[in-house]
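Q: This is start36.csv, which holds CSV, C-alpha atoms (C1' of nucleotides):
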```
chain,number,residue,atom,x,y,z
A,1,MET,CA,-3.1,-18.8,-7.9
A,2,PRO,CA,-2.4,-16.3,-5.3
A,3,LEU,CA,-0.3,-18.2,-2.8
A,4,ILE,CA,-0.4,-21.6,-1.2
A,5,VAL,CA,1.0,-22.3,2.2
A,6,LEU,CA,2.3,-25.7,3.0
A,7,GLU,CA,2.1,-26.9,6.5
A,8,GLU,CA,3.1,-30.4,7.4
A,9,GLY,CA,1.7,-31.7,4.2
A,10,THR,CA,-1.3,-29.4,4.4
A,11,VAL,CA,-2.2,-26.8,1.8
A,12,ARG,CA,-4.5,-23.9,2.2
A,13,ARG,CA,-5.0,-20.4,0.8
A,14,ALA,CA,-2.8,-17.7,2.0
A,15,LYS,CA,-4.3,-15.7,4.9
A,16,LEU,CA,-3.6,-12.1,5.9
A,17,GLU,CA,-1.7,-13.4,8.8
A,18,ASP,CA,0.6,-15.2,6.5
A,19,TYR,CA,1.6,-11.9,4.9
A,20,GLU,CA,2.0,-10.1,8.1
A,21,GLU,CA,5.4,-11.5,8.7
A,22,ALA,CA,6.7,-10.7,5.3
A,23,VAL,CA,5.2,-7.2,5.3
A,24,TYR,CA,6.6,-6.4,8.7
A,25,THR,CA,10.0,-7.7,7.7
A,26,LEU,CA,10.2,-5.7,4.5
A,27,ALA,CA,9.1,-2.6,6.3
A,28,SER,CA,11.6,-3.2,9.1
A,29,ILE,CA,14.5,-3.6,6.7
A,30,VAL,CA,13.9,-0.2,5.3
A,31,PRO,CA,16.7,2.0,6.7
A,32,PRO,CA,15.9,5.3,8.4
A,33,GLY,CA,15.9,8.2,6.1
A,34,LYS,CA,14.4,6.0,3.4
A,35,VAL,CA,10.9,4.8,2.7
A,36,THR,CA,9.2,2.2,0.6
A,37,THR,CA,5.8,2.0,-1.1
A,38,TYR,CA,2.8,-0.2,-0.6
A,39,GLY,CA,3.0,-1.1,-4.3
A,40,VAL,CA,6.5,-2.4,-4.0
A,41,ILE,CA,5.8,-4.6,-1.0
A,42,ALA,CA,2.5,-5.7,-2.6
A,43,LYS,CA,4.3,-6.7,-5.7
A,44,LEU,CA,7.0,-8.5,-3.9
A,45,LEU,CA,4.5,-10.5,-1.9
A,46,GLY,CA,2.1,-10.9,-4.8
A,47,VAL,CA,-0.8,-9.2,-3.1
A,48,SER,CA,-2.7,-6.0,-3.7
A,49,PRO,CA,-1.4,-2.8,-2.3
A,50,ARG,CA,-4.5,-2.4,-0.2
A,51,LEU,CA,-3.8,-5.6,1.5
A,52,VAL,CA,-0.4,-4.3,2.5
A,53,GLY,CA,-2.0,-1.2,3.9
A,54,LYS,CA,-4.5,-3.2,5.8
A,55,ILE,CA,-1.8,-5.3,7.3
A,56,LEU,CA,0.2,-2.3,8.4
A,57,ALA,CA,-2.9,-0.7,9.7
A,58,ALA,CA,-3.7,-3.8,11.7
A,59,ASN,CA,-0.1,-4.3,12.8
A,60,GLU,CA,0.1,-5.0,16.5
A,61,ASN,CA,3.7,-4.0,16.8
A,62,PRO,CA,3.9,-0.4,15.6
A,63,ILE,CA,7.0,-0.1,17.7
A,64,ILE,CA,9.2,-2.6,16.1
A,65,ILE,CA,7.4,-2.0,12.8
A,66,PRO,CA,8.3,1.3,11.2
A,67,CYS,CA,5.0,1.4,9.4
A,68,HIS,CA,5.5,5.1,8.9
A,69,ARG,CA,8.2,4.3,6.5
A,70,VAL,CA,5.7,3.0,4.0
A,71,VAL,CA,4.2,5.6,1.7
A,72,GLY,CA,2.3,5.9,-1.5
A,73,SER,CA,3.8,5.0,-4.8
A,74,ARG,CA,4.0,8.7,-5.8
A,75,GLY,CA,5.5,9.8,-2.5
A,76,ASP,CA,2.2,10.5,-1.0
A,77,LEU,CA,2.0,9.9,2.7
A,78,LYS,CA,-1.4,8.3,2.4
A,79,GLY,CA,-3.1,7.3,5.6
A,80,TYR,CA,-1.6,6.4,8.9
A,81,THR,CA,-3.3,5.1,12.0
A,82,GLY,CA,-2.3,6.1,15.4
A,83,GLY,CA,-2.3,9.9,15.0
A,84,GLY,CA,-2.9,10.5,11.3
A,85,ALA,CA,-0.7,11.3,8.3
A,86,ARG,CA,0.3,14.5,10.1
A,87,VAL,CA,2.4,12.5,12.6
A,88,LYS,CA,3.7,10.3,9.9
A,89,ARG,CA,5.2,13.2,8.0
A,90,ARG,CA,6.8,14.5,11.2
A,91,LEU,CA,8.4,11.1,11.9
A,92,LEU,CA,9.7,10.8,8.4
A,93,GLU,CA,11.2,14.2,8.6
A,94,LEU,CA,12.9,13.4,11.8
A,95,GLU,CA,14.4,10.3,10.1
A,96,GLY,CA,15.9,12.6,7.6
A,97,VAL,CA,13.4,12.2,4.8
A,98,LYS,CA,12.8,15.4,2.9
A,99,ILE,CA,9.1,16.2,2.2
A,100,LEU,CA,8.1,18.8,-0.2
A,101,GLY,CA,4.6,19.9,-0.8
A,102,GLY,CA,3.3,17.1,1.3
A,103,LYS,CA,5.2,14.6,-0.9
A,104,ILE,CA,8.3,12.6,-0.2
A,105,ALA,CA,11.3,13.2,-2.4
A,106,ARG,CA,11.7,10.4,-4.9
A,107,ASN,CA,15.3,9.8,-3.9
A,108,HIS,CA,14.2,8.7,-0.5
A,109,ILE,CA,11.9,6.0,-1.9
A,110,LEU,CA,13.3,2.5,-2.1
A,111,GLU,CA,11.9,0.8,-5.2
A,112,ASP,CA,13.2,-2.5,-3.9
A,113,PRO,CA,14.0,-2.9,-0.2
A,114,LEU,CA,15.7,-6.1,-1.1
A,115,GLN,CA,18.2,-4.2,-3.2
A,116,PRO,CA,19.0,-1.1,-1.2
A,117,ALA,CA,21.0,1.7,-2.7
A,118,ALA,CA,20.3,0.5,-6.2
A,119,ARG,CA,22.1,3.4,-7.7
A,120,GLY,CA,23.7,5.2,-4.9
A,121,ALA,CA,23.6,8.8,-5.1
A,122,GLY,CA,23.5,9.3,-8.3
A,123,ARG,CA,23.6,10.3,-11.3
B,124,DC,C1',-1.2,19.2,-11.7
B,125,DA,C1',-6.1,17.6,-10.1
B,126,DT,C1',-10.1,14.6,-10.5
B,127,DC,C1',-12.6,10.2,-11.8
B,128,DG,C1',-13.1,5.6,-12.5
B,129,DA,C1',-11.6,0.7,-12.6
B,130,DA,C1',-8.6,-3.1,-10.7
B,131,DC,C1',-6.6,-6.0,-6.8
B,132,DC,C1',-6.8,-9.5,-2.7
B,133,DA,C1',-8.7,-10.8,1.5
B,134,DA,C1',-11.6,-10.0,5.3
B,135,DC,C1',-16.2,-8.8,7.1
B,136,DC,C1',-21.2,-8.3,7.3
C,137,DG,C1',-23.1,-12.0,-2.5
C,138,DG,C1',-21.7,-7.1,-1.8
C,139,DT,C1',-18.8,-3.6,0.5
C,140,DT,C1',-14.6,-1.9,2.5
C,141,DG,C1',-9.4,-1.1,3.3
C,142,DG,C1',-3.2,3.5,5.6
C,143,DT,C1',-3.5,1.7,-2.8
C,144,DT,C1',-2.3,2.1,-7.8
C,145,DC,C1',-2.6,3.4,-12.5
C,146,DG,C1',-4.4,5.3,-16.8
C,147,DA,C1',-7.2,8.7,-19.0
C,148,DT,C1',-9.2,13.5,-19.1
C,149,DG,C1',-9.6,18.6,-18.1
```
Can the structure from this file be put into structure tokens for me?

A:
Amino acid sequence: MPLIVLEEGTVRRAKLEDYEEAVYTLASIVPPGKVTTYGVIAKLLGVSPRLVGKILAANENPIIIPCHRVVGSRGDLKGYTGGGARVKRRLLELEGVKILGGKIARNHILEDPLQPAARGAGR
DNA sequence: CATCGAACCAACC
DNA sequence: GGTTGGTTCGATG
């Protein structure tokens, strides 16, 4: 069972709009200079990574939603609407994210936005 | 490392 | 009922 939303005693299947809030929130808590992945968000919300992408793609608040801070699981930029992945890379670099060979350094990827700085600079 | 194919979840036609 | 999306992962060359 994917997800059930309760509303005043009413149950229904989860809609994309129900995930929007969660996805946007997770994306917005990602600090500058760091990024998260579609897979992570998807896992946290219990949805498929593509859904996350679709939500971010359909986000109506690209300004308050740093959708460019969401990248592929392997550090790939993947797509980005509103200019293309080209712009995405530029934005991330401006935030302080290091990108090598078109891929983001692993140390910039937050595997869990809910637990930032899981290991600090480490090791 | 690059490419191919299969899985996921919901929306759309 | 079938296809598509800002994906992901495993197997092969």

Q: Quick check, in Å to one decimal: how far apart do atom CA of Lys88 of chain A and atom CA of Val71 of chain A lie?

A: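 These atoms are spaced 9.5 Å apart.
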
Q: Taking all atoms listed in the file into account, report as a short mmCIF file (atom, residue, chain, number, x, y, z; two decimals) with C-alpha atoms (C1' of nucleotides), in the coordinates of the input which residues of chain B lie within 8 Å of chain A.

A:
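Writing the result to selection.cif gives the following:
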```cif
data_model
loop_
_atom_site.label_atom_id
_atom_site.label_comp_id
_atom_site.auth_asym_id
_atom_site.auth_seq_id
_atom_site.Cartn_x
_atom_site.Cartn_y
_atom_site.Cartn_z
"C1'" DC B 131 -6.60 -6.00 -6.80
"C1'" DC B 132 -6.80 -9.50 -2.70
"C1'" DA B 133 -8.70 -10.80 1.50
#
```

Q: Considering only C-alpha atoms (C1' of nucleotides), can you say which of A:Gly53, A:Pro32, A:Pro66, A:Gly102 comes closest to chain C?

A: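 Smallest distance to chain C is found for A:Gly53.
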
Q: I'd like the interatomic distance between atom CA of Asp76 of chain A and atom CA of Ala22 of chain A, to a tenth of an Å.

A: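 Interatomic distance here is 22.6 Å.
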
Q: Which chain C residues have any atom within 6 Å of an atom of chain A, and for each, what is the nearest pair of atoms with distance in Å to one decimal, counting all atoms listed in the file, rows sorted by chain and number, as JSON lines?

A:
```
{"residue": "C:DG141", "atom": "C1'", "partner": "A:Lys54", "partner_atom": "CA", "distance": 5.9}
{"residue": "C:DG142", "atom": "C1'", "partner": "A:Gly79", "partner_atom": "CA", "distance": 3.8}
{"residue": "C:DT143", "atom": "C1'", "partner": "A:Arg50", "partner_atom": "CA", "distance": 5.0}
```

Q: One decimal, Å: what's the distance from atom CA of Leu26 of chain A over to atom CA of Ile63 of chain A, could you say?

A: 14.7 Å

Q: Looking at only C-alpha atoms, which of A:Lys34, A:Ile99, A:Ile29, A:Gly9 is the one that sits closest to Leu114 of chain A?

A: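 Under the stated criterion, the closest residue is A:Ile29.
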
Q: Every residue with an atom at most 10 Å from (-4.0, 4.2, -11.2) (file coordinates; only C-alpha atoms (C1' of nucleotides)) is what I'm after, so could you write them as a PyMOL selection string?

A: (chain B and resi 128-130) or (chain C and resi 143-147)
